[in-house]
file start_33.txt (compact mmCIF, C-alpha atoms and all ligand atoms)
# COMPACT_ATOMS: atom_id res chain seq x y z
CA MET Q 1 -0.88 -16.92 28.18
CA ASP Q 2 2.43 -15.68 29.59
CA ILE Q 3 3.65 -12.92 27.28
CA LYS Q 4 7.16 -13.08 28.73
CA GLU Q 5 7.49 -16.57 27.26
CA LEU Q 6 7.08 -15.08 23.78
CA VAL Q 7 9.69 -12.34 24.30
CA ARG Q 8 13.25 -12.88 23.08
CA LYS Q 9 15.64 -13.83 25.87
CA ASN Q 10 18.00 -10.90 25.27
CA ILE Q 11 15.06 -8.48 25.53
CA ARG Q 12 13.71 -10.06 28.73
CA SER Q 13 17.01 -9.29 30.44
CA LEU Q 14 17.72 -6.02 28.61
CA LYS Q 15 18.72 -3.10 30.78
CA PRO Q 16 17.37 -0.07 28.87
CA TYR Q 17 19.36 3.11 28.29
CA SER Q 18 18.65 5.58 31.02
CA SER Q 19 18.45 9.09 29.59
CA ALA Q 20 19.16 12.28 31.48
CA ARG Q 21 15.42 13.01 31.36
CA ASP Q 22 14.62 9.62 32.89
CA GLU Q 23 16.70 10.34 35.93
CA PHE Q 24 15.15 13.74 36.46
CA SER Q 25 11.83 14.60 34.85
CA GLY Q 26 10.58 17.61 36.85
CA GLU Q 27 9.30 20.72 35.09
CA ALA Q 28 11.02 23.94 36.15
CA GLY Q 29 14.68 24.59 36.90
CA ILE Q 30 18.07 24.80 35.27
CA PHE Q 31 18.90 21.83 33.09
CA LEU Q 32 22.63 21.17 32.89
CA ASP Q 33 22.26 17.40 32.70
CA ALA Q 34 21.98 16.45 29.03
CA ASN Q 35 24.72 18.43 27.25
CA GLU Q 36 22.08 20.39 25.38
CA ASN Q 37 22.71 23.87 24.03
CA PRO Q 38 21.05 26.44 26.30
CA TYR Q 39 20.12 28.57 23.24
CA GLY Q 40 17.55 27.96 20.53
CA GLU Q 41 13.96 26.88 19.94
CA ILE Q 42 14.10 23.10 19.95
CA ASN Q 43 17.33 22.87 21.89
CA ARG Q 44 15.96 20.42 24.47
CA TYR Q 45 15.59 16.69 24.02
CA PRO Q 46 11.94 15.68 23.68
CA ASP Q 47 10.04 13.79 26.38
CA PRO Q 48 11.17 10.18 25.82
CA HIS Q 49 7.86 8.96 27.26
CA GLN Q 50 5.67 11.33 25.22
CA ARG Q 51 3.48 11.88 28.30
CA ARG Q 52 1.35 14.75 27.00
CA LEU Q 53 0.67 13.03 23.72
CA LYS Q 54 -0.18 9.75 25.43
CA LYS Q 55 -2.62 11.55 27.69
CA ALA Q 56 -4.34 13.13 24.68
CA VAL Q 57 -4.42 9.82 22.78
CA SER Q 58 -5.69 8.08 25.90
CA GLU Q 59 -8.66 10.45 25.99
CA ILE Q 60 -9.68 10.13 22.36
CA LYS Q 61 -9.12 6.37 22.16
CA ARG Q 62 -10.29 5.51 25.68
CA VAL Q 63 -7.25 3.40 26.39
CA LYS Q 64 -5.11 3.74 29.52
CA GLU Q 65 -1.83 5.58 29.00
CA ASP Q 66 0.29 2.60 30.00
CA ARG Q 67 -1.29 0.62 27.17
CA ILE Q 68 -0.07 3.12 24.55
CA PHE Q 69 3.22 3.13 22.65
CA ILE Q 70 4.13 6.11 20.45
CA GLY Q 71 6.57 5.52 17.61
CA ASN Q 72 8.30 7.26 14.73
CA GLY Q 73 5.45 6.15 12.45
CA SER Q 74 3.80 2.75 12.82
CA ASP Q 75 6.72 1.45 10.78
CA GLU Q 76 8.86 1.86 13.90
CA ALA Q 77 6.35 -0.14 15.94
CA ILE Q 78 6.40 -2.93 13.33
CA ASP Q 79 10.19 -3.12 13.46
CA LEU Q 80 10.23 -3.04 17.27
CA LEU Q 81 7.72 -5.90 17.47
CA PHE Q 82 10.17 -8.00 15.46
CA ARG Q 83 13.03 -7.04 17.71
CA VAL Q 84 11.09 -7.73 20.90
CA PHE Q 85 9.44 -11.01 19.96
CA VAL Q 86 10.93 -12.65 16.89
CA GLU Q 87 14.26 -14.50 17.03
CA PRO Q 88 16.23 -13.83 13.81
CA GLY Q 89 17.05 -16.97 11.86
CA ALA Q 90 14.75 -19.08 14.04
CA ASP Q 91 11.16 -17.81 14.41
CA LYS Q 92 8.59 -17.34 11.63
CA VAL Q 93 5.89 -14.76 11.04
CA ILE Q 94 2.68 -15.01 9.00
CA VAL Q 95 1.52 -12.37 6.53
CA CYS Q 96 -1.65 -12.53 4.43
CA PRO Q 97 -1.10 -11.03 0.97
CA PRO Q 98 -2.12 -8.99 -0.88
CA THR Q 99 -1.33 -6.62 1.97
CA TYR Q 100 0.96 -3.85 3.21
CA GLY Q 101 4.54 -4.48 2.11
CA MET Q 102 6.35 -3.31 5.26
CA TYR Q 103 5.66 -6.49 7.25
CA GLU Q 104 7.75 -8.53 4.85
CA VAL Q 105 10.47 -5.88 4.52
CA ALA Q 106 10.73 -5.66 8.31
CA ALA Q 107 10.96 -9.47 8.45
CA ASP Q 108 13.71 -9.48 5.82
CA ILE Q 109 15.68 -6.79 7.66
CA ASN Q 110 15.41 -8.84 10.83
CA ASN Q 111 16.34 -12.07 9.02
CA VAL Q 112 13.00 -13.69 9.82
CA GLU Q 113 11.20 -16.25 7.65
CA VAL Q 114 7.83 -15.13 6.29
CA VAL Q 115 5.04 -17.67 5.78
CA LYS Q 116 2.50 -16.30 3.32
CA VAL Q 117 -1.12 -17.32 3.77
CA PRO Q 118 -2.91 -15.51 0.93
CA LEU Q 119 -6.33 -13.99 1.50
CA THR Q 120 -9.25 -15.85 -0.06
CA ASP Q 121 -10.85 -14.68 -3.33
CA ASP Q 122 -13.07 -12.30 -1.38
CA PHE Q 123 -10.02 -10.90 0.47
CA GLN Q 124 -10.78 -12.63 3.78
CA LEU Q 125 -8.53 -14.70 6.06
CA ASP Q 126 -7.82 -18.36 5.33
CA ILE Q 127 -8.48 -19.35 8.94
CA ASP Q 128 -7.89 -23.09 8.57
CA THR Q 129 -4.41 -22.63 7.12
CA ILE Q 130 -3.46 -19.92 9.63
CA SER Q 131 -4.57 -22.18 12.50
CA VAL Q 132 -2.14 -24.99 11.67
CA ILE Q 133 1.00 -22.88 11.17
CA GLY Q 134 3.21 -22.40 14.19
CA ALA Q 135 4.58 -18.87 14.07
CA LYS Q 136 5.70 -16.25 16.56
CA MET Q 137 3.65 -13.40 15.13
CA ILE Q 138 0.92 -12.76 12.57
CA PHE Q 139 0.11 -9.48 10.79
CA LEU Q 140 -3.53 -8.71 9.98
CA CYS Q 141 -4.29 -5.44 8.24
CA SER Q 142 -7.86 -4.22 8.72
CA PRO Q 143 -9.06 -2.33 6.73
CA ASN Q 144 -6.56 -4.07 4.50
CA ASN Q 145 -4.21 -2.16 2.21
CA PRO Q 146 -4.62 -2.38 -0.83
CA THR Q 147 -8.00 -4.16 -0.85
CA GLY Q 148 -9.81 -1.66 1.40
CA ASN Q 149 -11.97 -4.17 3.29
CA ILE Q 150 -12.29 -5.02 6.98
CA LEU Q 151 -11.17 -8.56 7.88
CA ASP Q 152 -14.04 -10.59 9.33
CA ASN Q 153 -12.54 -13.41 11.37
CA ILE Q 154 -10.08 -11.62 13.60
CA ASN Q 155 -11.72 -13.10 16.70
CA THR Q 156 -11.19 -16.64 15.46
CA VAL Q 157 -7.49 -15.92 14.91
CA LEU Q 158 -7.25 -14.43 18.40
CA ASN Q 159 -8.83 -17.55 19.88
CA ARG Q 160 -6.63 -20.00 17.98
CA PHE Q 161 -3.23 -18.39 17.37
CA GLY Q 162 -0.60 -18.88 20.07
CA GLY Q 163 1.74 -16.03 19.09
CA ILE Q 164 1.50 -12.25 18.91
CA VAL Q 165 -1.44 -11.02 16.81
CA VAL Q 166 -0.77 -7.62 15.24
CA ILE Q 167 -3.79 -5.84 13.80
CA ASP Q 168 -2.75 -2.89 11.66
CA GLU Q 169 -5.58 -0.35 11.80
CA ALA Q 170 -3.88 2.46 9.85
CA TYR Q 171 -7.24 3.29 8.21
CA ILE Q 172 -9.57 2.64 11.16
CA ASP Q 173 -10.47 6.31 11.67
CA PHE Q 174 -12.44 6.04 8.42
CA CYS Q 175 -14.58 3.27 9.99
CA PRO Q 176 -14.10 3.65 13.77
CA ASP Q 177 -16.94 1.26 14.68
CA LYS Q 178 -14.91 -1.62 13.32
CA SER Q 179 -11.86 -1.25 15.54
CA SER Q 180 -10.49 -4.18 17.53
CA LEU Q 181 -9.01 -1.85 20.14
CA SER Q 182 -11.33 -2.99 22.94
CA LEU Q 183 -10.14 -6.59 22.46
CA ILE Q 184 -6.81 -5.80 24.14
CA ASP Q 185 -8.67 -6.20 27.46
CA LYS Q 186 -9.28 -9.86 26.72
CA HIS Q 187 -6.22 -10.81 24.69
CA PRO Q 188 -2.76 -10.32 26.21
CA ASN Q 189 -1.14 -11.25 22.86
CA LEU Q 190 -2.92 -8.58 20.80
CA VAL Q 191 -1.20 -5.46 19.45
CA VAL Q 192 -3.29 -2.88 17.58
CA LEU Q 193 -1.41 -0.41 15.38
CA GLN Q 194 -2.82 2.97 14.42
CA THR Q 195 -1.24 6.07 12.95
CA PHE Q 196 -1.42 9.84 12.60
CA SER Q 197 -0.44 9.45 8.93
CA LYS Q 198 -3.86 8.97 7.32
CA ALA Q 199 -7.09 10.38 8.81
CA TRP Q 200 -5.07 12.73 11.05
CA ALA Q 201 -3.28 14.19 8.01
CA LEU Q 202 0.21 13.99 9.54
CA ALA Q 203 2.14 11.60 7.29
CA GLY Q 204 4.99 14.12 7.20
CA ALA Q 205 5.34 14.12 10.97
CA ARG Q 206 5.89 10.35 11.42
CA VAL Q 207 3.80 9.54 14.49
CA GLY Q 208 2.42 6.04 14.95
CA MET Q 209 0.69 4.28 17.83
CA ALA Q 210 0.61 0.77 19.21
CA PHE Q 211 -1.99 -0.32 21.74
CA ALA Q 212 -1.53 -3.44 23.84
CA ARG Q 213 -1.52 -4.71 27.40
CA GLU Q 214 1.07 -3.01 29.60
CA GLU Q 215 3.43 -6.03 29.57
CA ILE Q 216 3.94 -5.67 25.82
CA ILE Q 217 4.14 -1.86 25.90
CA GLU Q 218 6.87 -2.08 28.57
CA PHE Q 219 9.01 -4.32 26.38
CA MET Q 220 8.51 -2.04 23.36
CA ASP Q 221 9.36 1.04 25.41
CA LYS Q 222 12.55 -0.37 26.79
CA SER Q 223 13.71 -1.48 23.32
CA LYS Q 224 13.02 1.79 21.50
CA PRO Q 225 15.54 4.58 20.89
CA PRO Q 226 14.98 6.87 23.89
CA TYR Q 227 14.06 10.00 21.91
CA ASN Q 228 12.23 8.24 19.10
CA VAL Q 229 9.60 10.92 18.42
CA SER Q 230 10.92 14.45 17.92
CA ALA Q 231 9.52 17.42 19.85
CA PRO Q 232 8.03 19.12 16.72
CA ASN Q 233 6.36 15.84 15.76
CA GLN Q 234 4.89 15.30 19.22
CA GLN Q 235 3.59 18.89 19.08
CA ALA Q 236 2.12 18.40 15.61
CA ALA Q 237 0.21 15.34 16.85
CA LEU Q 238 -1.01 17.23 19.93
CA ARG Q 239 -2.26 20.06 17.74
CA ALA Q 240 -4.05 17.63 15.45
CA VAL Q 241 -5.81 15.94 18.37
CA ALA Q 242 -6.91 19.34 19.69
CA GLN Q 243 -8.55 20.20 16.34
CA LYS Q 244 -11.42 17.74 16.51
CA GLU Q 245 -13.73 19.70 14.28
CA GLU Q 246 -11.16 20.02 11.52
CA PHE Q 247 -10.56 16.27 11.74
CA GLU Q 248 -14.28 15.48 11.50
CA ASN Q 249 -14.86 17.85 8.59
CA ARG Q 250 -11.99 16.46 6.56
CA ARG Q 251 -13.02 12.91 7.31
CA LYS Q 252 -16.58 13.57 6.13
CA ILE Q 253 -15.39 15.22 2.92
CA ILE Q 254 -13.05 12.32 2.17
CA LEU Q 255 -15.77 9.72 2.78
CA ARG Q 256 -18.27 11.58 0.60
CA GLN Q 257 -15.64 11.95 -2.12
CA ARG Q 258 -14.80 8.25 -1.88
CA ASN Q 259 -18.40 7.38 -2.63
CA TYR Q 260 -18.63 9.91 -5.44
CA LEU Q 261 -15.38 8.67 -6.97
CA SER Q 262 -16.63 5.10 -6.77
CA GLU Q 263 -19.92 5.93 -8.51
CA GLU Q 264 -18.23 7.93 -11.27
CA LEU Q 265 -15.52 5.32 -11.86
CA ASN Q 266 -18.23 2.69 -12.28
CA LYS Q 267 -19.59 4.66 -15.24
CA ILE Q 268 -16.34 4.31 -17.22
CA ASP Q 269 -16.38 1.36 -19.62
CA PHE Q 270 -12.79 0.12 -19.02
CA VAL Q 271 -13.46 0.06 -15.27
CA LYS Q 272 -14.31 -3.57 -14.54
CA LYS Q 273 -14.90 -3.32 -10.81
CA VAL Q 274 -14.68 -0.82 -7.98
CA TYR Q 275 -14.26 -2.74 -4.74
CA PRO Q 276 -16.12 -1.55 -1.64
CA SER Q 277 -13.83 0.37 0.74
CA ASP Q 278 -13.71 1.11 4.46
CA ALA Q 279 -10.66 3.34 3.96
CA ASN Q 280 -9.59 6.51 2.10
CA PHE Q 281 -8.70 4.69 -1.10
CA LEU Q 282 -10.34 2.49 -3.70
CA LEU Q 283 -9.14 -0.73 -5.26
CA VAL Q 284 -10.20 -0.63 -8.89
CA GLU Q 285 -9.99 -3.35 -11.52
CA LEU Q 286 -9.34 -2.03 -15.01
CA ALA Q 287 -9.33 -3.62 -18.44
CA ASP Q 288 -5.60 -2.89 -18.69
CA ALA Q 289 -4.04 -1.44 -15.54
CA ASP Q 290 -0.51 -0.91 -16.96
CA THR Q 291 -1.72 1.10 -19.95
CA ILE Q 292 -4.02 3.33 -17.93
CA TYR Q 293 -1.43 3.78 -15.21
CA ARG Q 294 1.12 4.95 -17.81
CA HIS Q 295 -1.41 7.24 -19.42
CA LEU Q 296 -2.17 8.92 -16.09
CA VAL Q 297 1.54 9.28 -15.30
CA SER Q 298 1.97 11.08 -18.64
CA GLN Q 299 -0.75 13.45 -17.43
CA ARG Q 300 1.17 13.86 -14.13
CA ILE Q 301 -1.45 11.99 -12.10
CA ILE Q 302 0.07 9.27 -9.95
CA ILE Q 303 -2.01 6.37 -8.68
CA ARG Q 304 -0.67 3.06 -7.35
CA ASN Q 305 -0.41 0.28 -9.87
CA ARG Q 306 -1.08 -3.00 -8.02
CA ASN Q 307 -1.14 -5.17 -11.14
CA SER Q 308 1.74 -7.27 -9.82
CA GLN Q 309 -0.26 -8.09 -6.67
CA ILE Q 310 -3.85 -8.22 -7.96
CA ARG Q 311 -4.31 -8.64 -11.69
CA ASN Q 312 -5.23 -5.40 -13.47
CA CYS Q 313 -5.92 -3.56 -10.24
CA VAL Q 314 -4.89 -0.07 -9.21
CA ARG Q 315 -5.24 1.65 -5.86
CA ILE Q 316 -6.53 5.21 -5.96
CA THR Q 317 -6.24 7.50 -2.93
CA VAL Q 318 -9.16 9.87 -2.40
CA GLY Q 319 -7.85 13.39 -2.93
CA THR Q 320 -9.47 16.82 -2.75
CA PRO Q 321 -12.72 17.26 -4.75
CA GLU Q 322 -10.70 19.11 -7.42
CA GLU Q 323 -8.05 16.41 -7.64
CA ASN Q 324 -10.68 13.68 -7.90
CA GLN Q 325 -12.53 15.55 -10.63
CA THR Q 326 -9.33 16.04 -12.61
CA LEU Q 327 -8.62 12.32 -12.33
CA LEU Q 328 -12.12 11.46 -13.56
CA ASN Q 329 -11.85 13.89 -16.48
CA LYS Q 330 -8.50 12.46 -17.56
CA LEU Q 331 -9.85 8.91 -17.31
CA LYS Q 332 -12.92 9.76 -19.34
CA ASN Q 333 -10.62 10.95 -22.13
CA VAL Q 334 -8.71 7.66 -22.35
CA SER Q 335 -9.50 5.57 -25.40
CA LEU Q 336 -8.24 2.02 -25.21
C1 LIG Q 401 -0.07 4.01 5.58
C2 LIG Q 401 0.01 2.76 6.39
C3 LIG Q 401 0.67 2.73 7.61
C4 LIG Q 401 1.24 3.99 8.18
O1 LIG Q 401 2.55 3.87 8.51
P1 LIG Q 401 3.24 5.11 9.24
O2 LIG Q 401 4.63 4.59 9.44
O3 LIG Q 401 2.51 5.33 10.53
O4 LIG Q 401 3.15 6.29 8.33
C5 LIG Q 401 0.68 1.57 8.34
N1 LIG Q 401 0.08 0.46 7.88
C6 LIG Q 401 -0.57 0.46 6.71
C7 LIG Q 401 -1.27 -0.76 6.26
C8 LIG Q 401 -0.61 1.59 5.92
O5 LIG Q 401 -1.24 1.56 4.74

call {"tool": "encode", "arguments": {"input": "start_33.txt", "output": "structure tokens", "more": "lines below"}}
Ligand SMILES: *Cc1c(COP(=O)(O)O)cnc(C)c1O
result
Amino acid sequence: MDIKELVRKNIRSLKPYSSARDEFSGEAGIFLDANENPYGEINRYPDPHQRRLKKAVSEIKRVKEDRIFIGNGSDEAIDLLFRVFVEPGADKVIVCPPTYGMYEVAADINNVEVVKVPLTDDFQLDIDTISVIGAKMIFLCSPNNPTGNILDNINTVLNRFGGIVVIDEAYIDFCPDKSSLSLIDKHPNLVVLQTFSKAWALAGARVGMAFAREEIIEFMDKSKPPYNVSAPNQQAALRAVAQKEEFENRRKIILRQRNYLSEELNKIDFVKKVYPSDANFLLVELADADTIYRHLVSQRIIIRNRNSQIRNCVRITVGTPEENQTLLNKLKNVSL
């Protein structure tokens, strides 16, 4: 498969912006090249190539640095993938609802037709339908948001689909054994998205990652705004990566709390079903999602009402032990 064939013509021939820091990237010296202010704390432009952060990510993920893209959240990577590969007004993309809403929004912004291939009743991929649709790109979210489950047949899609396969692994650090990251060796059309927003506790910093073969990363890099990740945000991600123990502790607490929350929710009579989860949230079917959602809002507890996507379902993020207990107490006081 020749990836270049999938790239938009204007991007193939794009001459990227060359920043002052591209033309000289040494360490020491006097910098009078970028019209920066010589005074201040964050007066310098950040490294446009995020070299230190890529090195750190490379070590924890065991992926070569030139197979890593760092973005202003994974949302930036999603938008860039459209701009690199998908011709507005001509190409199509596949999404598999119920899933993350940004794929469709990004498609709409880029004037790209979305073909929806809904997940099956057990929230798995409808492989036969996906296989017969010609599209430029497909988005698979695994673990899927809002259903919480890993998608099983990713390999079959990779073997059959002729376009770019994007696997959004925003929640993969809660089930690292199930990552598809190693498949980028074998599949030149695979892009795996991960993020610092969830298990790494940095949603406020906006740092996302895309992993793919170097051909794809090169096209993403040359299409991105040069200074797309701010210096404080790169530093925040570097600090997070350096605090491995903190990361592990929090992850363990969240996973234990997820299981506790699931058990306790199951004891409540208007809870019809708590779906199994590989992520830091639970999809829960209630007798009447709208009523219970409104009741919790009146108690200043905000969960995500997914009734419009999956009948009578809500998505509950695992909070601190105290937050989870408060939620359970409020729910136990609801009388329908
Ligand atoms: C939360 C989430 C993201 C994270 O997006 P960022 O822009 O990195 O914060 C990506 N994909 C899915 C499915 C998510 O739920």

call {"tool": "residues_near_ligand", "arguments": {"input": "start_33.txt", "ligand": "ligand LIG 401 (chain Q)", "cutoff": "6 Å", "atoms": "all atoms listed in the file", "output": "PyMOL selection string"}}
result
chain Q and resi 73-75+100+141+145+168+170+195+197+203+206-208

call {"tool": "closest_atom_pairs", "arguments": {"input": "start_33.txt", "of": "segment 67-102 of chain Q", "to": "segment 152-166 of chain Q", "cutoff": "9 Å", "atoms": "all atoms listed in the file", "output": "tab-separated table"}}
result
residue	atom	partner	partner_atom	distance
Q:Ile78	CA	Q:Val166	CA	8.8
Q:Leu81	CA	Q:Val166	CA	8.9
Q:Phe85	CA	Q:Ile164	CA	8.1

call {"tool": "write_last_selection", "arguments": {"input": "start_33.txt", "atoms": "C-alpha atoms", "output": "PDB file, keeping the file's coordinate frame"}}
result
ATOM      1  CA  ILE Q  78       6.400  -2.930  13.330  1.00  0.00           C
ATOM      2  CA  LEU Q  81       7.720  -5.900  17.470  1.00  0.00           C
ATOM      3  CA  PHE Q  85       9.440 -11.010  19.960  1.00  0.00           C
TER       4      PHE Q  85
END

call {"tool": "residues_around", "arguments": {"input": "start_33.txt", "residues": "segment 35-51 of chain Q", "least_positions_apart": "6", "cutoff": "9 Å", "atoms": "only C-alpha atoms", "output": "ChimeraX atom specification"}}
result
/Q:19,21-22,25,65,69-70,221,225-232,234

call {"tool": "residues_around", "arguments": {"input": "start_33.txt", "residues": "segment 56-64 of chain Q", "least_positions_apart": "3", "cutoff": "10 Å", "atoms": "only C-alpha atoms", "output": "PyMOL selection string"}}
result
chain Q and resi 51-53+67-68+70+181-182+184-185+209+211-214+237-238+241-242+244

call {"tool": "atom_distance", "arguments": {"input": "start_33.txt", "atom1": "atom CA of Phe174 of chain Q", "atom2": "atom CA of Pro98 of chain Q"}}
result
20.5 Å

call {"tool": "closest_atom_pairs", "arguments": {"input": "start_33.txt", "of": "segment 251-305 of chain Q", "to": "segment 113-135 of chain Q", "cutoff": "12 Å", "atoms": "all atoms listed in the file", "output": "tab-separated table"}}
result
residue	atom	partner	partner_atom	distance
Q:Tyr275	CA	Q:Asp122	CA	10.2
Q:Pro276	CA	Q:Asp122	CA	11.2
Q:Ser277	CA	Q:Phe123	CA	11.9
Q:Leu283	CA	Q:Phe123	CA	11.7

call {"tool": "atom_distance", "arguments": {"input": "start_33.txt", "atom1": "atom CA of Ile94 of chain Q", "atom2": "atom CA of Ala199 of chain Q"}}
result
27.2 Å

call {"tool": "atom_distance", "arguments": {"input": "start_33.txt", "atom1": "atom CA of Lys178 of chain Q", "atom2": "atom CA of Ile150 of chain Q"}}
result
7.7 Å

call {"tool": "closest_residue", "arguments": {"input": "start_33.txt", "among": "Q:Met220, Q:Leu255, Q:Ala77, Q:Val271", "to": "Thr317 of chain Q", "atoms": "only C-alpha atoms"}}
result
Q:Leu255

call {"tool": "closest_residue", "arguments": {"input": "start_33.txt", "among": "Q:Ile109, Q:Ile138, Q:Ala289, Q:Val314", "to": "Pro97 of chain Q", "atoms": "all atoms listed in the file"}}
result
Q:Ile138

call {"tool": "residues_around", "arguments": {"input": "start_33.txt", "residues": "Tyr293 of chain Q", "least_positions_apart": "6", "cutoff": "9 Å", "atoms": "only C-alpha atoms", "output": "list in words"}}
result
Ile301, Ile302, Ile303, Arg304, Asn305 and Val314 of chain Q

call {"tool": "closest_residue", "arguments": {"input": "start_33.txt", "among": "Q:Leu261, Q:Ile292, Q:Met137, Q:Ala106", "to": "Thr326 of chain Q", "atoms": "all atoms listed in the file"}}
result
Q:Leu261
